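Next comes my_file-v3.pdb, with PDB, C-alpha atoms, pLDDT in the B column.
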ATOM      1  CA  MET A   1     -11.518  -7.999 -13.119  1.00 40.00           C
ATOM      2  CA  GLY A   2     -11.582  -5.818 -10.001  1.00 43.00           C
ATOM      3  CA  GLN A   3      -8.662  -3.916  -8.498  1.00 47.00           C
ATOM      4  CA  GLU A   4      -8.000  -6.545  -5.833  1.00 48.00           C
ATOM      5  CA  GLU A   5      -8.012  -9.417  -8.339  1.00 49.00           C
ATOM      6  CA  ARG A   6      -5.689  -7.502 -10.667  1.00 65.00           C
ATOM      7  CA  PHE A   7      -3.330  -6.689  -7.811  1.00 68.00           C
ATOM      8  CA  PHE A   8      -2.814 -10.288  -6.739  1.00 70.00           C
ATOM      9  CA  ASP A   9      -3.069 -11.917 -10.145  1.00 72.00           C
ATOM     10  CA  PHE A  10      -0.413  -9.593 -11.520  1.00 73.00           C
ATOM     11  CA  ALA A  11       1.766 -10.095  -8.438  1.00 72.00           C
ATOM     12  CA  ALA A  12       1.514 -13.850  -8.937  1.00 68.00           C
ATOM     13  CA  GLU A  13       2.337 -13.574 -12.616  1.00 74.00           C
ATOM     14  CA  VAL A  14       5.617 -11.750 -11.933  1.00 68.00           C
ATOM     15  CA  GLY A  15       6.349 -13.873  -8.847  1.00 64.00           C
ATOM     16  CA  PHE A  16       6.635 -10.967  -6.440  1.00 69.00           C
ATOM     17  CA  THR A  17       5.048 -10.540  -3.028  1.00 72.00           C
ATOM     18  CA  LYS A  18       6.275  -8.607  -0.023  1.00 71.00           C
ATOM     19  CA  HIS A  19       5.451  -7.677   3.512  1.00 73.00           C
ATOM     20  CA  LEU A  20       6.399  -4.788   5.729  1.00 79.00           C
ATOM     21  CA  GLY A  21       9.549  -5.129   7.787  1.00 82.00           C
ATOM     22  CA  GLY A  22      11.314  -7.377   5.266  1.00 83.00           C
ATOM     23  CA  MET A  23      13.500 -10.287   6.323  1.00 86.00           C
ATOM     24  CA  GLU A  24      14.280  -8.665   9.672  1.00 89.00           C
ATOM     25  CA  ALA A  25      10.606  -8.923  10.603  1.00 91.00           C
ATOM     26  CA  THR A  26      10.466 -12.524   9.361  1.00 93.00           C
ATOM     27  CA  GLU A  27      13.499 -13.478  11.442  1.00 94.00           C
ATOM     28  CA  LYS A  28      12.016 -11.878  14.536  1.00 95.00           C
ATOM     29  CA  LEU A  29       8.736 -13.707  13.946  1.00 96.00           C
ATOM     30  CA  VAL A  30      10.646 -16.990  13.651  1.00 96.00           C
ATOM     31  CA  GLU A  31      12.383 -16.274  16.963  1.00 97.00           C
ATOM     32  CA  LEU A  32       9.168 -15.387  18.764  1.00 97.00           C
ATOM     33  CA  CYS A  33       7.430 -18.515  17.421  1.00 98.00           C
ATOM     34  CA  HIS A  34      10.367 -20.751  18.413  1.00 97.00           C
ATOM     35  CA  ILE A  35      10.687 -22.195  14.909  1.00 97.00           C
ATOM     36  CA  GLY A  36      13.633 -24.517  14.376  1.00 95.00           C
ATOM     37  CA  GLU A  37      14.707 -27.858  12.992  1.00 93.00           C
ATOM     38  CA  GLY A  38      11.920 -30.355  13.434  1.00 92.00           C
ATOM     39  CA  SER A  39       9.165 -27.727  13.468  1.00 97.00           C
ATOM     40  CA  TYR A  40       6.165 -28.132  11.209  1.00 98.00           C
ATOM     41  CA  VAL A  41       5.114 -24.636  10.138  1.00 98.00           C
ATOM     42  CA  LEU A  42       2.081 -23.315   8.304  1.00 98.00           C
ATOM     43  CA  ASP A  43       2.540 -20.059   6.370  1.00 98.00           C
ATOM     44  CA  VAL A  44      -0.898 -18.590   5.605  1.00 97.00           C
ATOM     45  CA  GLY A  45      -0.967 -16.291   2.592  1.00 93.00           C
ATOM     46  CA  CYS A  46       2.464 -17.480   1.498  1.00 93.00           C
ATOM     47  CA  GLY A  47       2.423 -15.496  -1.756  1.00 89.00           C
ATOM     48  CA  ALA A  48       5.266 -16.369  -4.107  1.00 89.00           C
ATOM     49  CA  GLY A  49       6.833 -18.681  -1.522  1.00 92.00           C
ATOM     50  CA  VAL A  50       9.822 -16.659  -0.342  1.00 91.00           C
ATOM     51  CA  THR A  51       9.224 -17.200   3.375  1.00 94.00           C
ATOM     52  CA  PRO A  52       8.453 -20.959   3.204  1.00 96.00           C
ATOM     53  CA  VAL A  53      11.566 -21.588   1.126  1.00 95.00           C
ATOM     54  CA  TYR A  54      13.660 -19.427   3.463  1.00 94.00           C
ATOM     55  CA  LEU A  55      12.399 -21.311   6.520  1.00 96.00           C
ATOM     56  CA  ALA A  56      13.083 -24.705   4.982  1.00 96.00           C
ATOM     57  CA  LYS A  57      16.589 -23.719   3.852  1.00 94.00           C
ATOM     58  CA  THR A  58      17.671 -21.780   6.914  1.00 95.00           C
ATOM     59  CA  TYR A  59      16.054 -23.679   9.769  1.00 94.00           C
ATOM     60  CA  GLY A  60      15.594 -27.146   8.292  1.00 93.00           C
ATOM     61  CA  CYS A  61      11.921 -27.263   9.205  1.00 96.00           C
ATOM     62  CA  ARG A  62       8.977 -28.581   7.221  1.00 97.00           C
ATOM     63  CA  VAL A  63       6.678 -25.896   5.832  1.00 98.00           C
ATOM     64  CA  MET A  64       3.167 -25.958   4.447  1.00 98.00           C
ATOM     65  CA  GLY A  65       2.290 -22.820   2.516  1.00 97.00           C
ATOM     66  CA  VAL A  66      -1.241 -21.847   1.532  1.00 97.00           C
ATOM     67  CA  ASP A  67      -2.538 -19.022  -0.618  1.00 95.00           C
ATOM     68  CA  ILE A  68      -5.917 -18.232  -2.114  1.00 91.00           C
ATOM     69  CA  VAL A  69      -4.451 -17.483  -5.586  1.00 90.00           C
ATOM     70  CA  PRO A  70      -3.654 -20.669  -7.586  1.00 93.00           C
ATOM     71  CA  ARG A  71      -0.933 -18.972  -9.629  1.00 91.00           C
ATOM     72  CA  MET A  72       0.872 -18.075  -6.394  1.00 90.00           C
ATOM     73  CA  ILE A  73       1.018 -21.763  -5.511  1.00 95.00           C
ATOM     74  CA  GLU A  74       2.598 -22.491  -8.879  1.00 93.00           C
ATOM     75  CA  ARG A  75       5.236 -19.842  -8.185  1.00 91.00           C
ATOM     76  CA  CYS A  76       5.877 -21.359  -4.743  1.00 94.00           C
ATOM     77  CA  GLU A  77       6.478 -24.789  -6.216  1.00 96.00           C
ATOM     78  CA  GLU A  78       8.816 -23.350  -8.852  1.00 92.00           C
ATOM     79  CA  ARG A  79      10.809 -21.543  -6.162  1.00 92.00           C
ATOM     80  CA  ALA A  80      11.034 -24.602  -3.908  1.00 96.00           C
ATOM     81  CA  ARG A  81      12.364 -26.741  -6.761  1.00 96.00           C
ATOM     82  CA  ARG A  82      14.821 -24.045  -7.811  1.00 92.00           C
ATOM     83  CA  GLU A  83      16.124 -23.660  -4.236  1.00 93.00           C
ATOM     84  CA  GLY A  84      16.330 -27.404  -3.570  1.00 96.00           C
ATOM     85  CA  VAL A  85      13.750 -27.636  -0.775  1.00 97.00           C
ATOM     86  CA  ALA A  86      10.848 -29.310  -2.567  1.00 96.00           C
ATOM     87  CA  ASP A  87      11.216 -32.270  -0.195  1.00 96.00           C
ATOM     88  CA  ARG A  88      10.596 -30.048   2.860  1.00 97.00           C
ATOM     89  CA  THR A  89       7.841 -27.832   1.503  1.00 97.00           C
ATOM     90  CA  GLU A  90       4.275 -28.327   0.348  1.00 97.00           C
ATOM     91  CA  PHE A  91       1.819 -25.806  -1.046  1.00 98.00           C
ATOM     92  CA  ARG A  92      -1.960 -25.753  -1.346  1.00 97.00           C
ATOM     93  CA  VAL A  93      -4.697 -23.380  -2.437  1.00 97.00           C
ATOM     94  CA  ALA A  94      -6.685 -22.485   0.662  1.00 96.00           C
ATOM     95  CA  ASP A  95      -8.659 -19.702   2.330  1.00 94.00           C
ATOM     96  CA  ALA A  96      -7.317 -18.327   5.612  1.00 94.00           C
ATOM     97  CA  GLN A  97     -10.850 -18.329   6.997  1.00 94.00           C
ATOM     98  CA  ASP A  98     -11.404 -22.037   6.285  1.00 95.00           C
ATOM     99  CA  LEU A  99      -8.146 -23.956   6.516  1.00 96.00           C
ATOM    100  CA  PRO A 100      -8.288 -27.559   5.227  1.00 96.00           C
ATOM    101  CA  PHE A 101      -6.295 -29.054   8.107  1.00 97.00           C
ATOM    102  CA  ASP A 102      -7.017 -31.070  11.227  1.00 96.00           C
ATOM    103  CA  ASP A 103      -6.949 -29.503  14.664  1.00 97.00           C
ATOM    104  CA  GLY A 104      -3.572 -29.221  16.388  1.00 97.00           C
ATOM    105  CA  LEU A 105      -1.412 -30.111  13.385  1.00 98.00           C
ATOM    106  CA  PHE A 106       1.297 -27.423  13.284  1.00 98.00           C
ATOM    107  CA  ASP A 107       3.984 -26.334  15.728  1.00 98.00           C
ATOM    108  CA  ALA A 108       3.645 -22.764  14.481  1.00 98.00           C
ATOM    109  CA  VAL A 109       1.271 -20.869  12.222  1.00 98.00           C
ATOM    110  CA  ILE A 110       2.536 -17.595  10.775  1.00 98.00           C
ATOM    111  CA  THR A 111       1.180 -15.029   8.390  1.00 96.00           C
ATOM    112  CA  GLU A 112       2.801 -11.927   6.916  1.00 93.00           C
ATOM    113  CA  SER A 113       0.568  -9.186   5.511  1.00 86.00           C
ATOM    114  CA  ALA A 114      -2.290 -11.619   4.909  1.00 87.00           C
ATOM    115  CA  ALA A 115      -4.582 -11.484   7.951  1.00 90.00           C
ATOM    116  CA  ALA A 116      -5.426  -7.854   7.160  1.00 87.00           C
ATOM    117  CA  PHE A 117      -7.363  -8.911   4.053  1.00 86.00           C
ATOM    118  CA  PRO A 118     -10.201 -11.186   5.263  1.00 86.00           C
ATOM    119  CA  GLU A 119     -13.380  -9.442   6.308  1.00 85.00           C
ATOM    120  CA  ASP A 120     -13.658 -11.776   9.305  1.00 91.00           C
ATOM    121  CA  LYS A 121     -10.216 -11.299  10.812  1.00 94.00           C
ATOM    122  CA  GLN A 122     -11.172 -12.881  14.117  1.00 96.00           C
ATOM    123  CA  GLY A 123     -12.469 -15.920  12.283  1.00 96.00           C
ATOM    124  CA  ALA A 124      -9.157 -16.240  10.435  1.00 96.00           C
ATOM    125  CA  VAL A 125      -7.117 -15.953  13.644  1.00 97.00           C
ATOM    126  CA  ASN A 126      -9.403 -18.530  15.254  1.00 97.00           C
ATOM    127  CA  GLU A 127      -8.537 -20.867  12.377  1.00 97.00           C
ATOM    128  CA  PHE A 128      -4.820 -20.264  12.912  1.00 98.00           C
ATOM    129  CA  ALA A 129      -5.216 -21.199  16.561  1.00 98.00           C
ATOM    130  CA  ARG A 130      -7.352 -24.237  15.766  1.00 98.00           C
ATOM    131  CA  VAL A 131      -4.709 -25.894  13.579  1.00 98.00           C
ATOM    132  CA  THR A 132      -1.871 -25.103  16.024  1.00 98.00           C
ATOM    133  CA  LYS A 133      -0.689 -27.771  18.460  1.00 98.00           C
ATOM    134  CA  PRO A 134      -1.172 -27.167  22.183  1.00 98.00           C
ATOM    135  CA  GLY A 135       1.921 -25.274  23.285  1.00 97.00           C
ATOM    136  CA  GLY A 136       2.563 -24.059  19.752  1.00 98.00           C
ATOM    137  CA  TYR A 137       2.579 -20.486  18.493  1.00 98.00           C
ATOM    138  CA  VAL A 138       0.556 -18.227  16.219  1.00 98.00           C
ATOM    139  CA  GLY A 139       2.531 -15.291  14.812  1.00 98.00           C
ATOM    140  CA  LEU A 140       1.299 -12.350  12.751  1.00 97.00           C
ATOM    141  CA  ASN A 141       3.308  -9.714  10.902  1.00 96.00           C
ATOM    142  CA  GLU A 142       0.545  -7.359   9.936  1.00 94.00           C
ATOM    143  CA  SER A 143      -0.212  -3.902   8.595  1.00 90.00           C
ATOM    144  CA  THR A 144      -1.161  -1.679  11.505  1.00 94.00           C
ATOM    145  CA  TRP A 145      -2.768   1.697  11.948  1.00 93.00           C
ATOM    146  CA  LEU A 146      -0.632   3.718  14.330  1.00 93.00           C
ATOM    147  CA  THR A 147      -3.241   6.491  14.625  1.00 89.00           C
ATOM    148  CA  THR A 148      -6.878   6.457  13.596  1.00 88.00           C
ATOM    149  CA  PRO A 149      -8.672   7.552  11.595  1.00 86.00           C
ATOM    150  CA  PRO A 150      -6.091   7.749   8.780  1.00 84.00           C
ATOM    151  CA  PRO A 151      -6.503  10.529   6.190  1.00 84.00           C
ATOM    152  CA  PRO A 152      -7.710   9.656   2.660  1.00 83.00           C
ATOM    153  CA  GLU A 153      -4.270   9.992   1.053  1.00 81.00           C
ATOM    154  CA  VAL A 154      -2.814   7.421   3.458  1.00 82.00           C
ATOM    155  CA  VAL A 155      -5.698   5.012   2.855  1.00 81.00           C
ATOM    156  CA  ALA A 156      -5.212   5.411  -0.912  1.00 77.00           C
ATOM    157  CA  TRP A 157      -1.461   4.773  -0.677  1.00 75.00           C
ATOM    158  CA  THR A 158      -2.035   1.714   1.502  1.00 77.00           C
ATOM    159  CA  SER A 159      -4.489   0.239  -0.986  1.00 72.00           C
ATOM    160  CA  GLN A 160      -2.010   0.801  -3.796  1.00 67.00           C
ATOM    161  CA  GLU A 161       1.053  -0.497  -1.976  1.00 63.00           C
ATOM    162  CA  VAL A 162      -0.285  -3.340   0.153  1.00 62.00           C
ATOM    163  CA  GLY A 163      -3.419  -4.488  -1.646  1.00 57.00           C
ATOM    164  CA  ALA A 164      -6.761  -3.150  -2.745  1.00 58.00           C
ATOM    165  CA  SER A 165      -8.895  -4.561   0.061  1.00 63.00           C
ATOM    166  CA  VAL A 166      -6.445  -4.341   2.952  1.00 71.00           C
ATOM    167  CA  SER A 167      -8.037  -3.112   6.168  1.00 81.00           C
ATOM    168  CA  PRO A 168      -5.444  -2.939   8.964  1.00 87.00           C
ATOM    169  CA  LEU A 169      -6.256  -2.905  12.641  1.00 94.00           C
ATOM    170  CA  THR A 170      -4.542  -1.027  15.437  1.00 95.00           C
ATOM    171  CA  GLY A 171      -1.914  -2.820  17.484  1.00 96.00           C
ATOM    172  CA  GLU A 172      -4.334  -3.225  20.380  1.00 97.00           C
ATOM    173  CA  GLU A 173      -6.952  -4.718  18.079  1.00 97.00           C
ATOM    174  CA  TRP A 174      -4.518  -7.228  16.552  1.00 97.00           C
ATOM    175  CA  ALA A 175      -3.382  -8.350  20.000  1.00 97.00           C
ATOM    176  CA  ALA A 176      -7.025  -8.698  21.028  1.00 97.00           C
ATOM    177  CA  THR A 177      -7.714 -11.113  18.165  1.00 97.00           C
ATOM    178  CA  LEU A 178      -5.036 -13.447  19.535  1.00 98.00           C
ATOM    179  CA  GLU A 179      -6.443 -13.207  23.039  1.00 97.00           C
ATOM    180  CA  SER A 180      -9.978 -13.839  21.779  1.00 97.00           C
ATOM    181  CA  ALA A 181      -8.712 -16.936  19.957  1.00 97.00           C
ATOM    182  CA  GLY A 182      -7.709 -18.374  23.325  1.00 97.00           C
ATOM    183  CA  LEU A 183      -3.970 -17.730  22.994  1.00 98.00           C
ATOM    184  CA  ARG A 184      -1.777 -16.702  25.916  1.00 97.00           C
ATOM    185  CA  GLU A 185       1.675 -15.193  26.578  1.00 97.00           C
ATOM    186  CA  ILE A 186       0.881 -12.589  23.934  1.00 97.00           C
ATOM    187  CA  VAL A 187       3.751 -10.460  22.653  1.00 97.00           C
ATOM    188  CA  ALA A 188       3.041  -7.343  20.567  1.00 97.00           C
ATOM    189  CA  SER A 189       5.446  -4.826  19.062  1.00 95.00           C
ATOM    190  CA  VAL A 190       4.494  -2.047  16.662  1.00 95.00           C
ATOM    191  CA  HIS A 191       6.909  -0.453  14.179  1.00 92.00           C
ATOM    192  CA  THR A 192       6.944   2.508  11.833  1.00 86.00           C
ATOM    193  CA  ILE A 193       8.110   2.052   8.267  1.00 77.00           C
ATOM    194  CA  GLY A 194      10.792   3.789   6.226  1.00 67.00           C
ATOM    195  CA  ILE A 195      10.604   3.604   2.451  1.00 61.00           C
ATOM    196  CA  GLN A 196      14.385   3.224   2.080  1.00 60.00           C
ATOM    197  CA  ASP A 197      14.461   0.451   4.671  1.00 60.00           C
ATOM    198  CA  GLU A 198      11.580  -1.319   2.949  1.00 59.00           C
ATOM    199  CA  THR A 199      13.386  -1.133  -0.406  1.00 64.00           C
ATOM    200  CA  GLN A 200      16.555  -2.579   1.086  1.00 64.00           C
ATOM    201  CA  GLY A 201      14.470  -5.290   2.751  1.00 62.00           C
ATOM    202  CA  ILE A 202      12.989  -6.328  -0.586  1.00 67.00           C
ATOM    203  CA  LEU A 203      16.458  -6.651  -2.124  1.00 66.00           C
ATOM    204  CA  ARG A 204      17.604  -8.810   0.766  1.00 67.00           C
ATOM    205  CA  ARG A 205      14.434 -10.910   0.570  1.00 70.00           C
ATOM    206  CA  TYR A 206      14.829 -11.733  -3.117  1.00 68.00           C
ATOM    207  CA  GLY A 207      18.523 -11.252  -3.778  1.00 71.00           C
ATOM    208  CA  LEU A 208      19.911  -9.621  -6.900  1.00 69.00           C
ATOM    209  CA  GLY A 209      19.202 -12.611  -9.127  1.00 73.00           C
ATOM    210  CA  GLY A 210      15.664 -12.894  -7.852  1.00 74.00           C
ATOM    211  CA  MET A 211      14.946  -9.203  -8.416  1.00 72.00           C
ATOM    212  CA  LEU A 212      16.314  -9.380 -11.949  1.00 79.00           C
ATOM    213  CA  ARG A 213      13.949 -12.284 -12.607  1.00 79.00           C
ATOM    214  CA  VAL A 214      11.040 -10.229 -11.258  1.00 72.00           C
ATOM    215  CA  PHE A 215      11.972  -7.167 -13.359  1.00 77.00           C
ATOM    216  CA  TRP A 216      12.175  -9.301 -16.506  1.00 78.00           C
ATOM    217  CA  ARG A 217       8.703 -10.706 -15.842  1.00 77.00           C
ATOM    218  CA  ILE A 218       7.323  -7.219 -15.151  1.00 76.00           C
ATOM    219  CA  ALA A 219       8.709  -5.911 -18.448  1.00 80.00           C
ATOM    220  CA  ASP A 220       7.363  -8.903 -20.360  1.00 77.00           C
ATOM    221  CA  LEU A 221       3.918  -8.605 -18.780  1.00 75.00           C
ATOM    222  CA  TYR A 222       3.806  -4.862 -19.429  1.00 74.00           C
ATOM    223  CA  LEU A 223       4.588  -5.359 -23.128  1.00 79.00           C
ATOM    224  CA  ARG A 224       2.100  -8.128 -23.801  1.00 80.00           C
ATOM    225  CA  ASN A 225      -0.804  -7.411 -21.451  1.00 78.00           C
ATOM    226  CA  PRO A 226      -2.965  -4.277 -21.961  1.00 81.00           C
ATOM    227  CA  ALA A 227      -4.779  -4.875 -18.669  1.00 75.00           C
ATOM    228  CA  TYR A 228      -1.477  -4.730 -16.810  1.00 70.00           C
ATOM    229  CA  ARG A 229      -0.497  -1.496 -18.555  1.00 71.00           C
ATOM    230  CA  SER A 230      -3.823  -0.006 -17.455  1.00 73.00           C
ATOM    231  CA  PHE A 231      -3.232  -1.237 -13.908  1.00 67.00           C
ATOM    232  CA  VAL A 232       0.234   0.360 -13.792  1.00 65.00           C
ATOM    233  CA  ARG A 233      -1.159   3.679 -15.039  1.00 69.00           C
ATOM    234  CA  GLY A 234      -3.762   3.558 -12.285  1.00 64.00           C
ATOM    235  CA  VAL A 235      -1.073   2.986  -9.666  1.00 58.00           C
ATOM    236  CA  ARG A 236       0.942   5.928 -10.956  1.00 57.00           C
ATOM    237  CA  GLU A 237      -2.100   8.174 -10.692  1.00 56.00           C
ATOM    238  CA  GLN A 238      -2.239   7.521  -6.945  1.00 56.00           C
ATOM    239  CA  GLY A 239       0.744   9.846  -6.584  1.00 56.00           C
ATOM    240  CA  MET A 240       3.733  10.002  -4.273  1.00 67.00           C
ATOM    241  CA  THR A 241       4.129   8.530  -0.807  1.00 73.00           C
ATOM    242  CA  PRO A 242       2.265  10.769   1.686  1.00 73.00           C
ATOM    243  CA  GLU A 243       4.588  12.872   3.816  1.00 76.00           C
ATOM    244  CA  ASN A 244       2.615  11.975   6.929  1.00 80.00           C
ATOM    245  CA  LEU A 245       2.606   8.201   6.251  1.00 79.00           C
ATOM    246  CA  ASP A 246       4.774   7.306   9.254  1.00 81.00           C
ATOM    247  CA  GLU A 247       2.301   9.025  11.579  1.00 87.00           C
ATOM    248  CA  TYR A 248      -0.511   6.682  10.627  1.00 89.00           C
ATOM    249  CA  PHE A 249       0.728   3.469   9.044  1.00 89.00           C
ATOM    250  CA  GLY A 250       3.192   0.792  10.108  1.00 89.00           C
ATOM    251  CA  TYR A 251       3.338  -2.868  10.944  1.00 93.00           C
ATOM    252  CA  GLY A 252       3.310  -5.009  14.027  1.00 95.00           C
ATOM    253  CA  LEU A 253       4.503  -8.410  15.199  1.00 97.00           C
ATOM    254  CA  TYR A 254       1.893 -10.212  17.274  1.00 98.00           C
ATOM    255  CA  VAL A 255       2.517 -13.656  18.762  1.00 98.00           C
ATOM    256  CA  GLY A 256       0.515 -15.841  21.109  1.00 98.00           C
ATOM    257  CA  ARG A 257       0.941 -19.352  22.502  1.00 98.00           C
ATOM    258  CA  LYS A 258      -1.792 -21.956  22.493  1.00 97.00           C
TER
END

Can the structure in the file be given as structure tokens, please?
Amino acid sequence: MGQEERFFDFAAEVGFTKHLGGMEATEKLVELCHIGEGSYVLDVGCGAGVTPVYLAKTYGCRVMGVDIVPRMIERCEERARREGVADRTEFRVADAQDLPFDDGLFDAVITESAAAFPEDKQGAVNEFARVTKPGGYVGLNESTWLTTPPPPEVVAWTSQEVGASVSPLTGEEWAATLESAGLREIVASVHTIGIQDETQGILRRYGLGGMLRVFWRIADLYLRNPAYRSFVRGVREQGMTPENLDEYFGYGLYVGRK
């Protein structure tokens, strides 16, 4: 099992996924994509299902979540049942580069820290636009290089923290993918990250009870799975957060209208 497969399989097993900017970034993305009651939303790379469940509970919309990892979909369905929104959510295994949906189906398509993974990022964004209704919105919350080229220690930290195969673009490049997909009224905002803010964002995203559930699963997996113990040791060997991280790495919100 490669580093990328371990990263996501282990994340699915403990039911924990995250994106930069936390719930504040999600709320801003919702605002920019005009998501509300009656909207039909696709969340690409939905991970453990936190955002789809949040959207269904908070805004009363219908949400389809897709992820390439089957175990993530199981976690999504568990979360939706636990939070009482199984009737407004649906989850499927799918690849961002080949979405199994008809053209013009969704009012909004969003993705948070998922579009940076496919090799063909433009192809993925084209798919997002294809399945969006005319007049609807495509919104990305994505890892972003603030300055290029990044030094090796920043690249190593990013691979450890965000995912083994992540390859961010610059803000200008992300905005260009939306434009090339035929979207208009493009809005782009780039943000630096703060480790303390990100930690607080995770707590808000999951809540105390949710984080306790995650910690219990992490401890259980660590005790019973040698491969996970080896993975954790490898992460520790990557070292501390680079002091110059905020010079090179952040996230951006990128939204376009079809």

* Quick one, how far is CA of Phe101 in chain A from CA of Gln122 in chain A? ->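 Result for CA of Phe101 in chain A versus CA of Gln122 in chain A: 17.9 Å, one decimal.
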
* List the residues selected by the PyMOL selection byres ((chain A and resi 174-189) around 9) in the file shown, writing them as a PyMOL selection string. => chain A and resi 32+121-123+125-130+137-138+140+142+144+168-173+190-191+251-258

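For the atom pair formed by CA of Ser167 in chain A and CA of Val44 in chain A, the distance is 17.1 Å, given to one decimal.
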
Specify the axis-aligned box that encloses all atoms of range 211-226 of chain A listed in the file after padding of 8 Å on each side, stating its centre and edge lengths in Å to one decimal as AutoDock Vina command-line options.
--center_x 6.7 --center_y -8.3 --center_z -16.1 --size_x 35.3 --size_y 24.0 --size_z 31.4

* **Distance in Å - CA of Gly49 in chain A versus CA of Ala156 in chain A** =>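 Those two atoms sit 26.9 Å apart.
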
* What does the PyMOL selection byres ((chain A and resi 217) around 12) select in this file, as a PyMOL selection string? -> chain A and resi 10-16+210-216+218-225+228

* To do: List the residues matched by the PyMOL selection byres ((chain A and resi 148) around 12) in the displayed structure as a PyMOL selection string, ordered by chain and then by residue number.
  => chain A and resi 144-147+149-152+154-155+168-171+247-249

* Which polymer residues have any atom within 7 Å of an atom of range 242-246 of chain A, counting only C-alpha atoms, with same-chain residues fewer than 5 positions away left out, as a PyMOL selection string? -> chain A and resi 153-154+192-193

Generate a file of the selected residues that holds C-alpha atoms, formatted as a PDB file, in the frame of the given file.
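Result went into selection-v7.pdb, see below:
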ATOM      1  CA  GLU A 153      -4.270   9.992   1.053  1.00 81.00           C
ATOM      2  CA  VAL A 154      -2.814   7.421   3.458  1.00 82.00           C
ATOM      3  CA  THR A 192       6.944   2.508  11.833  1.00 86.00           C
ATOM      4  CA  ILE A 193       8.110   2.052   8.267  1.00 77.00           C
TER       5      ILE A 193
END

* Kindly provide, as number ranges by chain, the polymer residues lying within 10 Å of (12.6, -25.6, 11.5), counting all atoms listed in the file and using the coordinates exactly as they appear in the file. => A: 30, 34-41, 55-63, 88, 107-108

* To do: Determine the nearest neighbour of His19 in chain A from the options A:Pro70, A:Gly136, A:Gly250, A:Pro226, counting only C-alpha atoms.
  => A:Gly250

* To do: Tell me which protein, DNA and RNA residues are within 12 Å of range 95-100 of chain A, counting all atoms listed in the file, leaving out same-chain ones fewer than 2 positions away, and put them as a ChimeraX atom specification.
  => /A:42-46,64-70,92-93,102-103,105,109-111,114-132

As an mmCIF file, keeping the file's coordinate frame, the rebuilt range 63-75 of chain A with N, CA and C atoms:
data_model
loop_
_atom_site.group_PDB
_atom_site.id
_atom_site.type_symbol
_atom_site.label_atom_id
_atom_site.label_comp_id
_atom_site.auth_asym_id
_atom_site.auth_seq_id
_atom_site.Cartn_x
_atom_site.Cartn_y
_atom_site.Cartn_z
ATOM 1 N N VAL A 63 7.570 -27.047 5.976
ATOM 2 C CA VAL A 63 6.678 -25.896 5.832
ATOM 3 C C VAL A 63 5.544 -26.232 4.871
ATOM 4 N N MET A 64 4.344 -25.942 5.304
ATOM 5 C CA MET A 64 3.167 -25.958 4.447
ATOM 6 C C MET A 64 2.792 -24.514 4.152
ATOM 7 N N GLY A 65 2.704 -24.163 2.886
ATOM 8 C CA GLY A 65 2.290 -22.820 2.516
ATOM 9 C C GLY A 65 0.935 -22.852 1.827
ATOM 10 N N VAL A 66 0.057 -21.933 2.189
ATOM 11 C CA VAL A 66 -1.241 -21.847 1.532
ATOM 12 C C VAL A 66 -1.476 -20.418 1.055
ATOM 13 N N ASP A 67 -2.162 -20.321 -0.065
ATOM 14 C CA ASP A 67 -2.538 -19.022 -0.618
ATOM 15 C C ASP A 67 -3.837 -19.203 -1.378
ATOM 16 N N ILE A 68 -4.616 -18.137 -1.465
ATOM 17 C CA ILE A 68 -5.917 -18.232 -2.114
ATOM 18 C C ILE A 68 -5.821 -18.116 -3.633
ATOM 19 N N VAL A 69 -4.647 -17.682 -4.146
ATOM 20 C CA VAL A 69 -4.451 -17.483 -5.586
ATOM 21 C C VAL A 69 -3.703 -18.691 -6.167
ATOM 22 N N PRO A 70 -4.316 -19.468 -7.049
ATOM 23 C CA PRO A 70 -3.654 -20.669 -7.586
ATOM 24 C C PRO A 70 -2.308 -20.388 -8.242
ATOM 25 N N ARG A 71 -2.193 -19.284 -8.957
ATOM 26 C CA ARG A 71 -0.933 -18.972 -9.629
ATOM 27 C C ARG A 71 0.185 -18.748 -8.617
ATOM 28 N N MET A 72 -0.135 -18.226 -7.438
ATOM 29 C CA MET A 72 0.872 -18.075 -6.394
ATOM 30 C C MET A 72 1.434 -19.435 -5.994
ATOM 31 N N ILE A 73 0.569 -20.429 -5.892
ATOM 32 C CA ILE A 73 1.018 -21.763 -5.511
ATOM 33 C C ILE A 73 1.968 -22.327 -6.568
ATOM 34 N N GLU A 74 1.689 -22.060 -7.816
ATOM 35 C CA GLU A 74 2.598 -22.491 -8.879
ATOM 36 C C GLU A 74 3.961 -21.832 -8.720
ATOM 37 N N ARG A 75 3.969 -20.554 -8.398
ATOM 38 C CA ARG A 75 5.236 -19.842 -8.185
ATOM 39 C C ARG A 75 5.985 -20.410 -6.973
#
